[in-house]
$ cat data-v6.txt   # compact mmCIF, C-alpha atoms and all ligand atoms
# COMPACT_ATOMS: atom_id res chain seq x y z
CA MET A 1 105.85 122.61 105.56
CA PHE A 2 102.31 121.75 106.53
CA ARG A 3 100.44 121.27 109.80
CA THR A 4 99.80 117.73 111.09
CA LEU A 5 97.48 116.11 113.62
CA GLU A 6 99.97 117.00 116.35
CA ASP A 7 99.13 120.67 115.74
CA LEU A 8 95.42 120.24 116.49
CA ASP A 9 93.81 119.84 119.90
CA VAL A 10 90.83 117.73 118.90
CA LYS A 11 89.51 116.72 122.32
CA ASP A 12 85.73 117.20 122.47
CA LYS A 13 85.87 118.88 119.08
CA ARG A 14 83.98 118.10 115.91
CA VAL A 15 86.53 117.25 113.25
CA LEU A 16 85.65 117.18 109.57
CA VAL A 17 87.91 114.73 107.75
CA ARG A 18 88.28 114.61 103.97
CA VAL A 19 89.18 111.02 103.19
CA ASP A 20 89.73 109.26 99.88
CA PHE A 21 87.05 106.59 99.89
CA ASN A 22 86.87 106.55 96.11
CA VAL A 23 86.85 102.75 96.05
CA PRO A 24 85.72 100.30 93.38
CA LEU A 25 82.21 98.90 94.03
CA LYS A 26 81.13 95.41 93.02
CA ASP A 27 77.58 94.10 93.34
CA GLY A 28 76.67 96.85 95.77
CA ARG A 29 79.67 96.19 98.01
CA VAL A 30 83.18 97.60 98.31
CA GLY A 31 85.36 95.66 95.84
CA ASP A 32 88.74 96.73 97.19
CA ASP A 33 88.96 98.39 100.61
CA THR A 34 92.64 99.42 100.43
CA ARG A 35 91.79 103.12 100.54
CA ILE A 36 89.45 102.71 103.51
CA ARG A 37 92.11 100.81 105.43
CA ALA A 38 94.66 103.47 104.57
CA ALA A 39 92.58 106.08 106.40
CA LEU A 40 92.20 104.05 109.61
CA PRO A 41 95.32 105.35 111.41
CA THR A 42 94.06 108.92 111.16
CA LEU A 43 90.50 108.04 112.13
CA GLU A 44 91.63 105.94 115.09
CA ALA A 45 94.03 108.64 116.26
CA LEU A 46 91.32 111.29 116.18
CA ALA A 47 88.72 109.05 117.85
CA SER A 48 91.10 108.03 120.61
CA ARG A 49 91.78 111.70 121.34
CA GLY A 50 88.09 112.34 121.89
CA ALA A 51 87.00 113.85 118.58
CA THR A 52 83.57 113.56 117.01
CA LEU A 53 84.20 112.56 113.39
CA ILE A 54 82.44 113.83 110.30
CA LEU A 55 83.91 112.11 107.23
CA MET A 56 83.48 112.99 103.60
CA SER A 57 84.72 111.72 100.25
CA HIS A 58 83.82 111.59 96.60
CA LEU A 59 83.07 108.25 94.96
CA GLY A 60 83.31 107.88 91.20
CA ARG A 61 82.33 110.70 88.90
CA PRO A 62 78.56 111.10 89.30
CA LYS A 63 76.95 114.05 87.57
CA GLY A 64 74.59 115.00 90.37
CA VAL A 65 72.69 112.62 92.65
CA ASP A 66 73.19 109.02 91.51
CA ASP A 67 71.95 105.95 93.40
CA ALA A 68 74.83 103.87 92.02
CA ALA A 69 77.37 106.18 93.66
CA ARG A 70 75.95 106.39 97.17
CA MET A 71 78.35 105.99 100.09
CA ARG A 72 76.23 103.31 101.80
CA PRO A 73 78.52 100.35 100.92
CA VAL A 74 81.50 102.38 102.10
CA ALA A 75 79.79 103.17 105.41
CA ALA A 76 79.08 99.45 105.86
CA ARG A 77 82.68 98.45 105.21
CA LEU A 78 84.05 101.23 107.39
CA GLU A 79 81.81 100.06 110.21
CA GLU A 80 83.33 96.57 109.96
CA LEU A 81 86.89 97.89 109.84
CA LEU A 82 86.47 100.37 112.69
CA GLY A 83 84.42 97.96 114.75
CA ARG A 84 81.94 100.69 115.66
CA ASP A 85 78.81 102.39 114.39
CA VAL A 86 79.08 104.66 111.38
CA ARG A 87 76.16 107.07 110.88
CA TYR A 88 75.11 107.51 107.27
CA LEU A 89 72.09 109.12 105.64
CA ALA A 90 71.30 108.56 101.96
CA CYS A 91 70.49 112.08 100.75
CA ASP A 92 71.20 114.66 98.07
CA GLY A 93 74.73 115.38 99.21
CA PRO A 94 76.75 117.22 101.85
CA GLY A 95 75.21 120.57 100.97
CA SER A 96 71.60 119.42 101.41
CA ALA A 97 69.28 120.48 104.23
CA GLU A 98 68.73 116.84 105.32
CA GLU A 99 72.45 116.29 105.63
CA GLN A 100 72.84 119.48 107.63
CA ALA A 101 70.20 118.33 110.12
CA PHE A 102 71.74 114.86 110.27
CA VAL A 103 75.16 116.29 111.07
CA ARG A 104 73.74 118.66 113.67
CA ASP A 105 72.33 115.61 115.49
CA ALA A 106 75.66 113.73 115.59
CA PRO A 107 76.24 112.58 119.20
CA HIS A 108 79.50 113.35 120.95
CA GLY A 109 82.18 110.84 119.97
CA SER A 110 80.22 109.43 117.01
CA VAL A 111 81.41 108.79 113.46
CA THR A 112 79.31 110.14 110.57
CA LEU A 113 80.00 109.54 106.89
CA LEU A 114 78.53 112.19 104.61
CA GLU A 115 76.95 111.41 101.24
CA ASN A 116 79.13 111.54 98.09
CA THR A 117 80.57 115.06 97.82
CA ARG A 118 80.20 114.98 94.02
CA PHE A 119 76.39 114.81 94.28
CA ASP A 120 76.69 118.57 94.70
CA ALA A 121 77.87 120.29 91.50
CA ARG A 122 79.41 123.03 93.62
CA GLU A 123 82.06 120.61 94.92
CA THR A 124 84.31 120.50 91.86
CA LYS A 125 83.84 124.25 91.30
CA ASN A 126 85.30 124.91 94.74
CA ASP A 127 82.19 126.97 95.41
CA PRO A 128 82.63 129.15 98.52
CA ALA A 129 78.98 128.70 99.59
CA LEU A 130 79.39 124.92 99.73
CA ALA A 131 82.73 125.29 101.51
CA ARG A 132 80.99 127.45 104.14
CA ILE A 133 78.29 124.83 104.71
CA LEU A 134 80.94 122.14 105.14
CA ALA A 135 82.97 124.34 107.47
CA GLY A 136 79.82 124.81 109.55
CA TYR A 137 79.79 121.06 110.24
CA ALA A 138 82.86 121.11 112.45
CA ASP A 139 85.41 122.98 114.55
CA MET A 140 88.43 121.70 112.68
CA TYR A 141 89.39 120.15 109.38
CA VAL A 142 91.77 117.30 108.58
CA ASP A 143 92.74 116.39 105.03
CA ASP A 144 93.77 112.77 104.55
CA ALA A 145 92.84 112.47 100.88
CA PHE A 146 96.13 112.54 99.05
CA GLY A 147 94.45 111.28 95.87
CA SER A 148 92.40 114.49 95.71
CA ALA A 149 95.09 116.92 96.83
CA HIS A 150 95.85 118.07 93.28
CA ARG A 151 92.34 119.41 92.81
CA ALA A 152 91.03 122.55 94.48
CA HIS A 153 87.52 121.46 95.41
CA ALA A 154 85.13 122.69 98.09
CA SER A 155 85.79 119.63 100.28
CA THR A 156 89.57 119.96 99.95
CA GLU A 157 90.95 123.43 99.37
CA GLY A 158 87.81 125.48 99.98
CA VAL A 159 86.91 124.21 103.43
CA ALA A 160 90.54 124.14 104.62
CA ARG A 161 90.66 127.92 104.28
CA LEU A 162 87.78 128.33 106.71
CA LEU A 163 88.78 126.09 109.64
CA PRO A 164 91.91 125.31 111.65
CA SER A 165 93.29 122.55 109.45
CA ALA A 166 95.99 119.91 109.22
CA ALA A 167 97.15 116.91 107.21
CA GLY A 168 96.20 113.44 108.43
CA HIS A 169 98.71 110.61 108.79
CA LEU A 170 98.17 109.22 105.30
CA LEU A 171 98.66 112.56 103.60
CA GLU A 172 101.71 113.20 105.74
CA GLN A 173 103.18 109.81 104.87
CA GLU A 174 102.60 110.34 101.13
CA LEU A 175 104.23 113.75 101.15
CA HIS A 176 107.14 112.43 103.14
CA ALA A 177 107.79 109.45 100.84
CA LEU A 178 107.34 111.34 97.57
CA GLY A 179 109.18 114.38 98.91
CA LYS A 180 112.18 112.20 99.66
CA LEU A 181 112.33 111.16 95.99
CA LEU A 182 112.66 114.75 94.86
CA ASP A 183 114.69 116.24 97.70
CA SER A 184 117.01 113.65 99.11
CA PRO A 185 116.99 110.34 97.25
CA GLU A 186 119.80 107.97 98.09
CA HIS A 187 121.76 107.16 94.96
CA PRO A 188 121.71 105.27 92.70
CA PHE A 189 118.14 106.41 92.10
CA VAL A 190 116.45 104.37 89.37
CA VAL A 191 113.11 105.42 87.86
CA ILE A 192 110.89 103.01 85.94
CA LEU A 193 108.26 104.59 83.73
CA GLY A 194 105.69 102.77 81.67
CA GLY A 195 102.04 103.10 80.83
CA ALA A 196 100.17 104.29 77.85
CA LYS A 197 101.19 107.79 76.88
CA VAL A 198 104.35 109.89 76.82
CA SER A 199 102.16 112.98 76.88
CA ASP A 200 100.85 112.01 80.36
CA LYS A 201 104.34 111.56 81.71
CA ILE A 202 106.52 114.28 80.15
CA GLY A 203 106.30 116.41 83.26
CA VAL A 204 107.51 113.64 85.58
CA ILE A 205 110.18 112.45 83.18
CA SER A 206 111.53 116.00 82.97
CA THR A 207 111.77 116.54 86.72
CA LEU A 208 113.01 113.04 87.51
CA LEU A 209 115.67 113.37 84.80
CA GLU A 210 117.24 115.99 87.03
CA VAL A 211 117.53 113.75 90.10
CA ALA A 212 117.68 110.16 88.84
CA ASP A 213 120.71 108.16 87.76
CA ARG A 214 118.92 105.78 85.40
CA ILE A 215 115.49 105.83 83.77
CA LEU A 216 113.98 102.62 82.45
CA ILE A 217 111.21 103.05 79.90
CA GLY A 218 108.53 100.45 79.21
CA GLY A 219 104.87 100.34 78.20
CA ALA A 220 103.49 101.87 75.02
CA MET A 221 105.68 104.90 75.72
CA ALA A 222 108.74 102.91 74.69
CA PHE A 223 107.53 102.80 71.07
CA THR A 224 107.35 106.56 70.81
CA PHE A 225 110.95 106.70 72.08
CA ALA A 226 112.01 103.92 69.69
CA ALA A 227 110.30 105.64 66.74
CA ALA A 228 111.93 108.95 67.71
CA GLN A 229 115.30 107.26 67.23
CA GLY A 230 114.34 105.96 63.81
CA GLY A 231 113.23 102.46 64.87
CA LYS A 232 110.55 100.44 63.05
CA VAL A 233 107.83 99.70 65.58
CA GLY A 234 105.23 97.96 63.40
CA ALA A 235 101.65 98.76 64.43
CA SER A 236 102.59 99.62 68.03
CA ARG A 237 101.09 102.71 69.55
CA VAL A 238 103.17 105.80 68.71
CA GLU A 239 102.33 109.38 69.59
CA GLU A 240 103.48 111.19 66.47
CA ASP A 241 103.14 114.58 68.12
CA GLN A 242 105.52 113.53 70.92
CA LEU A 243 108.46 112.43 68.78
CA ASP A 244 110.29 115.74 69.23
CA THR A 245 109.61 115.70 72.95
CA ALA A 246 111.00 112.17 73.17
CA ARG A 247 114.14 113.27 71.30
CA SER A 248 114.68 116.25 73.56
CA LEU A 249 114.21 114.11 76.70
CA LEU A 250 116.82 111.69 75.35
CA ALA A 251 119.16 114.60 74.61
CA ARG A 252 118.71 116.04 78.11
CA ALA A 253 119.42 112.61 79.60
CA SER A 254 122.69 112.26 77.75
CA GLU A 255 123.67 115.83 78.69
CA ARG A 256 123.15 114.97 82.36
CA GLY A 257 124.77 111.55 82.08
CA VAL A 258 121.52 109.81 83.00
CA SER A 259 121.15 106.48 81.25
CA MET A 260 117.79 106.02 79.59
CA VAL A 261 117.21 102.30 79.17
CA LEU A 262 114.73 101.45 76.42
CA PRO A 263 113.46 97.87 76.09
CA GLU A 264 115.74 95.99 73.74
CA ASP A 265 112.96 93.58 72.74
CA SER A 266 109.18 93.47 72.85
CA VAL A 267 106.50 90.81 73.00
CA CYS A 268 104.26 91.36 69.97
CA ALA A 269 100.97 90.08 68.61
CA ARG A 270 98.69 90.73 65.68
CA GLU A 271 95.87 91.78 67.97
CA LEU A 272 95.36 92.59 71.60
CA LYS A 273 93.54 89.50 72.83
CA GLN A 274 93.89 87.26 75.83
CA GLY A 275 96.07 84.28 74.97
CA ALA A 276 96.96 85.73 71.53
CA GLN A 277 99.83 84.12 69.65
CA THR A 278 102.96 86.10 70.44
CA SER A 279 106.45 86.60 69.06
CA VAL A 280 109.44 88.51 70.39
CA HIS A 281 111.24 91.12 68.25
CA PRO A 282 113.86 93.81 68.75
CA THR A 283 111.86 96.91 69.70
CA ASP A 284 113.27 98.86 66.75
CA GLN A 285 112.58 96.11 64.21
CA ILE A 286 108.98 95.09 64.76
CA PRO A 287 107.46 93.62 61.57
CA ASP A 288 104.62 95.51 59.88
CA GLY A 289 101.21 94.77 61.34
CA LEU A 290 102.49 93.58 64.73
CA LEU A 291 101.71 95.42 67.96
CA GLY A 292 104.25 95.66 70.77
CA LEU A 293 102.26 94.80 73.90
CA ASP A 294 104.88 93.98 76.55
CA VAL A 295 108.61 94.21 77.18
CA GLY A 296 110.58 91.14 76.15
CA PRO A 297 112.93 88.84 78.12
CA ARG A 298 116.10 90.75 77.17
CA ALA A 299 114.51 94.00 78.27
CA ILE A 300 113.61 92.46 81.64
CA ALA A 301 117.16 91.16 82.06
CA ALA A 302 118.54 94.64 81.27
CA PHE A 303 116.09 96.27 83.67
CA ARG A 304 117.10 93.83 86.38
CA GLU A 305 120.73 94.73 85.82
CA ALA A 306 120.00 98.47 85.82
CA LEU A 307 118.21 98.06 89.15
CA ASP A 308 121.03 96.13 90.75
CA GLY A 309 122.51 98.16 93.58
CA ALA A 310 119.78 100.82 93.45
CA ARG A 311 119.17 102.60 96.76
CA THR A 312 116.01 104.38 95.65
CA VAL A 313 113.42 103.25 93.10
CA PHE A 314 110.29 104.95 91.77
CA TRP A 315 107.96 103.03 89.48
CA ASN A 316 105.01 104.44 87.59
CA GLY A 317 103.19 102.77 84.73
CA PRO A 318 102.87 99.09 83.78
CA LEU A 319 105.45 97.77 81.30
CA GLY A 320 102.83 96.16 79.10
CA VAL A 321 99.09 95.65 78.70
CA PHE A 322 98.98 93.94 82.09
CA GLU A 323 95.18 93.64 82.06
CA THR A 324 95.41 91.06 79.26
CA PRO A 325 97.59 88.00 79.88
CA PRO A 326 100.15 87.04 78.65
CA PHE A 327 101.05 90.73 78.28
CA ASP A 328 101.28 91.06 82.06
CA ALA A 329 104.48 88.98 82.19
CA GLY A 330 106.94 91.89 82.02
CA THR A 331 105.11 93.87 84.70
CA VAL A 332 104.84 90.83 86.99
CA ALA A 333 108.54 89.99 86.52
CA LEU A 334 109.53 93.57 87.31
CA ALA A 335 107.30 93.62 90.39
CA HIS A 336 109.28 90.64 91.72
CA VAL A 337 112.60 92.36 90.98
CA VAL A 338 111.52 95.57 92.71
CA ALA A 339 110.05 93.72 95.70
CA GLU A 340 113.37 91.98 96.31
CA LEU A 341 115.56 95.09 96.19
CA PRO A 342 117.11 96.28 99.44
CA ALA A 343 116.18 99.83 98.46
CA PHE A 344 113.60 102.49 99.29
CA THR A 345 110.95 101.58 96.71
CA VAL A 346 107.92 103.66 95.76
CA VAL A 347 105.14 102.67 93.37
CA GLY A 348 102.62 105.28 92.23
CA GLY A 349 99.85 105.44 89.64
CA GLY A 350 96.41 103.84 89.58
CA ASP A 351 97.22 101.06 87.13
CA SER A 352 100.73 100.42 88.46
CA VAL A 353 99.41 100.02 91.99
CA ALA A 354 96.64 97.70 90.77
CA ALA A 355 99.30 95.63 88.96
CA VAL A 356 101.51 95.39 92.05
CA ASN A 357 98.52 94.54 94.26
CA ALA A 358 97.57 91.77 91.84
CA THR A 359 101.00 90.15 92.31
CA GLY A 360 100.52 90.03 96.08
CA LEU A 361 103.86 91.79 96.59
CA ALA A 362 102.50 95.08 97.86
CA ASP A 363 103.77 94.60 101.40
CA ARG A 364 107.31 94.31 100.07
CA ILE A 365 107.23 97.75 98.51
CA GLY A 366 108.44 100.65 100.65
CA HIS A 367 105.61 103.00 99.80
CA ILE A 368 102.55 102.50 97.63
CA SER A 369 101.03 105.81 96.72
CA THR A 370 97.25 106.02 97.00
CA GLY A 371 97.11 108.95 94.60
CA GLY A 372 97.76 108.46 90.90
CA GLY A 373 97.36 111.93 89.42
CA ALA A 374 98.32 113.63 92.67
CA ALA A 375 101.57 111.66 92.94
CA LEU A 376 102.53 112.51 89.37
CA GLU A 377 101.74 116.20 89.80
CA PHE A 378 103.70 116.29 93.03
CA LEU A 379 106.71 114.68 91.32
CA GLU A 380 106.39 117.14 88.45
CA GLY A 381 107.18 119.72 91.08
CA LYS A 382 103.71 121.26 90.99
CA THR A 383 102.16 122.71 94.12
CA LEU A 384 99.16 120.67 95.23
CA PRO A 385 96.39 123.11 96.20
CA GLY A 386 95.01 120.75 98.85
CA VAL A 387 98.41 120.70 100.54
CA ALA A 388 99.44 124.32 100.05
CA VAL A 389 96.42 125.42 102.08
CA LEU A 390 97.63 123.35 105.06
CA GLY A 391 100.92 125.25 105.12
CA SER A 392 102.22 126.71 108.33
P1 LIG B 1 99.29 104.49 85.82
O1 LIG B 1 97.80 104.46 86.04
O2 LIG B 1 100.02 103.51 86.69
O3 LIG B 1 99.86 105.87 85.86
P2 LIG B 1 98.96 104.58 82.97
O4 LIG B 1 97.54 104.95 83.17
O5 LIG B 1 99.90 105.59 82.46
O6 LIG B 1 99.56 103.94 84.32
O7 LIG B 1 99.07 103.38 81.94
C1 LIG B 1 98.39 102.17 82.12
C2 LIG B 1 97.90 101.64 80.81
O8 LIG B 1 98.97 101.52 79.87
C3 LIG B 1 97.32 100.27 80.96
O9 LIG B 1 95.94 100.31 80.63
C4 LIG B 1 98.10 99.42 79.98
O10 LIG B 1 97.30 98.48 79.29
C5 LIG B 1 98.65 100.46 79.01
N1 LIG B 1 99.82 99.94 78.29
C6 LIG B 1 100.98 99.50 78.80
N2 LIG B 1 101.78 99.04 77.83
C7 LIG B 1 101.11 99.19 76.67
C8 LIG B 1 101.40 98.88 75.30
N3 LIG B 1 102.56 98.34 74.95
N4 LIG B 1 100.45 99.17 74.36
C9 LIG B 1 99.28 99.72 74.72
N5 LIG B 1 98.95 100.02 76.00
C10 LIG B 1 99.85 99.76 76.97
MG MG B 2 96.14 104.98 84.74

$ encode --input "data-v6.txt" --output "C-alpha cells"
Amino acid sequence: MFRTLEDLDVKDKRVLVRVDFNVPLKDGRVGDDTRIRAALPTLEALASRGATLILMSHLGRPKGVDDAARMRPVAARLEELLGRDVRYLACDGPGSAEEQAFVRDAPHGSVTLLENTRFDARETKNDPALARILAGYADMYVDDAFGSAHRAHASTEGVARLLPSAAGHLLEQELHALGKLLDSPEHPFVVILGGAKVSDKIGVISTLLEVADRILIGGAMAFTFAAAQGGKVGASRVEEDQLDTARSLLARASERGVSMVLPEDSVCARELKQGAQTSVHPTDQIPDGLLGLDVGPRAIAAFREALDGARTVFWNGPLGVFETPPFDAGTVALAHVVAELPAFTVVGGGDSVAAVNATGLADRIGHISTGGGAALEFLEGKTLPGVAVLGS
C-alpha cells in the first residue's frame, strides 16, 4: 500500500508536486493538454486545503538546457486551466541558484512551476545532491506522475525519500485501475495486444497469460506469432529472434486453457504509404513482397466475438499502422467495439491512447492510462520505484 493525500496535512505547508506535464508542443504552445488536465484534481485539492504549490515535471528529452523544451507554454496553459496565476522563471533548471531564489520568494498560497527537470543532468541519475535541493523547496512531497513512476529519478524517487510523501489522485487512480487487472479482474478478462514488437511486450504477455481468459493479438506482433507457427507472412515485419518466445507463449496459453486469438486475415500493401493500394490475405498466406499493415475484416469479426460478454478488458498496442490511413481501420473498428462493451475497460500505451483519443471515444473507456512504459512495467509485475518509496 502507499500513502495518499488523505495522509498529509498540507494546510499552510509548501508542497512539492511531481506532475507529468510531458506534453506535445506545437508552434510554441501545448498541442494536447490531456496530461495537464489529468493533474488538476490533485492540484485543486491541495490548493483548496491551503497549500503553497511548487510543481515540477520533465518535458521531452533535452540533453541539458534547451530553449525548445522550456516549461513556459505549459505554465501558460496551466494558468488558463486553473484560472489563477502560475509563477514561472525561465532558467537553467530546478537545481540552479536562480530557481532556488525564485522558489524561496513564492508567496503563501501561490502556484510555481519549476523549469524542466531534465535541464539538470543529475535528474536522471537520481543524484542525491539534486534531490536534497528539491527537498529543500518544500515541507512535503506529492507524486502524481504515473508516467515517470517506473524511473528512479531525483524528482521522483530521490526526493520522496527526503520528505513526508504521498501519491496524488492521478497516481492513486492509475494504481487502482491497473492493480485491479492483476489482482481481481472480473472474468471473462480479455486482453488485446498489438503494436510493433513482441520483444517490448513479452513481459506483459507472460503475466497477463496467468490471469486472462483470452488474448487477442494484432499489430506487427501478429506476424511473428504467425511465422512461429509456420505461416508465410510475405514481407511483414517478423522478429526472427522472438520466434521461440512466441512458440513458448503459445504453449503456455494452451497449457492454461487461455485462447490466443491471432488475426485470421490481414490488410496488405506493397509499401507503407497513405492511400496505398491494399489487398486482404490470410495472415499465414501473405504473398511474397506484401507487407501486413493492419488486421483484416475477419480478424475484426473474430475479435468482436471474443470480446462479447467480457467483464474486463485491457488493450495495449494499435492493431495496425494507425498513423497511416487506411491502415487505421482495424484499430478504429476495435476502439468502437471496446467503447460499447459493458465491461471495465482499460487502455494503456502511448500510441494506443493516441489512437483511442483520435477516435473521440476516450470518455467511453473505463480507464485511460497516462503512462505507457510505467503501465506496462506495472502489469509485468515489476515494482515501480516511484511508487515503492511512497509505501506505508
Ligand atoms: P503503445 O505505444 O500503445 O504501447 P507500441 O509502441 O507498441 O504501442 O506500437 C505502436 C506502433 O506499432 C505504431 O507506430 C504502429 O504503426 C506500429 N504497428 C502496428 N501494426 C503494425 C504493423 N502491422 N507493421 C508495422 N508496424 C505496426
Ligand atoms: Mg509506443

$ atom_distance --input "data-v6.txt" --atom1 "CA of Phe223 in chain A" --atom2 "CA of Val238 in chain A"
5.8 Å

$ atom_distance --input "data-v6.txt" --atom1 "CA of Glu157 in chain A" --atom2 "CA of Asp67 in chain A"
26.5 Å

$ residues_near_point --input "data-v6.txt" --point "(87.1, 97.7, 109.5)" --cutoff "12 Å" --atoms "all atoms listed in the file" --output "list of chain:residue names"
A:Val30, A:Asp33, A:Thr34, A:Arg35, A:Ile36, A:Arg37, A:Ala38, A:Ala39, A:Leu40, A:Pro41, A:Leu43, A:Glu44, A:Val74, A:Ala75, A:Ala76, A:Arg77, A:Leu78, A:Glu79, A:Glu80, A:Leu81, A:Leu82, A:Gly83, A:Arg84, A:Asp85, A:Val86

$ atom_distance --input "data-v6.txt" --atom1 "CA of Gly349 in chain A" --atom2 "CA of Thr331 in chain A"
13.6 Å

$ residues_around --input "data-v6.txt" --residues "Val19 in chain A" --least-positions-apart "2" --cutoff "12 Å" --atoms "only C-alpha atoms" --output "PyMOL selection string"
chain A and resi 16-17+21-23+35-43+53-59+74+78+113-114+116-117+141-149+155-156+167-171+370-371

$ residues_around --input "data-v6.txt" --residues "Asp183 in chain A" --least-positions-apart "3" --cutoff "12 Å" --atoms "all atoms listed in the file" --output "NGL selection string"
:A and (175-180 or 186-187 or 189 or 207-208 or 210-212 or 378-379 or 381)

$ residues_around --input "data-v6.txt" --residues "Asp363 in chain A" --least-positions-apart "2" --cutoff "12 Å" --atoms "all atoms listed in the file" --output "tab-separated table (two decimals) with C-alpha atoms, in the coordinates of the input"
chain	number	residue	atom	x	y	z
A	335	ALA	CA	107.30	93.62	90.39
A	336	HIS	CA	109.28	90.64	91.72
A	338	VAL	CA	111.52	95.57	92.71
A	339	ALA	CA	110.05	93.72	95.70
A	340	GLU	CA	113.37	91.98	96.31
A	345	THR	CA	110.95	101.58	96.71
A	346	VAL	CA	107.92	103.66	95.76
A	347	VAL	CA	105.14	102.67	93.37
A	353	VAL	CA	99.41	100.02	91.99
A	356	VAL	CA	101.51	95.39	92.05
A	357	ASN	CA	98.52	94.54	94.26
A	358	ALA	CA	97.57	91.77	91.84
A	359	THR	CA	101.00	90.15	92.31
A	360	GLY	CA	100.52	90.03	96.08
A	361	LEU	CA	103.86	91.79	96.59
A	365	ILE	CA	107.23	97.75	98.51
A	366	GLY	CA	108.44	100.65	100.65
A	367	HIS	CA	105.61	103.00	99.80
A	368	ILE	CA	102.55	102.50	97.63

$ residues_near_ligand --input "data-v6.txt" --ligand "ligand MG 2 (chain B)" --cutoff "10 Å" --atoms "only C-alpha atoms and all ligand atoms" --output "PyMOL selection string"
chain A and resi 195-197+200+316-318+348-354+372-373

$ closest_residue --input "data-v6.txt" --among "A:Ile202, A:Ala388, A:Leu162, A:Ile192" --to "Ala310 in chain A" --atoms "all atoms listed in the file"
A:Ile192

$ closest_residue --input "data-v6.txt" --among "A:Gly330, A:Gly386, A:Gly60, A:Gly391" --to "ligand LIG 1 (chain B)" --atoms "all atoms listed in the file"
A:Gly330

$ closest_residue --input "data-v6.txt" --among "A:Met221, A:Val389, A:Ile286, A:Ala343" --to "ligand LIG 1 (chain B)" --atoms "all atoms listed in the file"
A:Met221
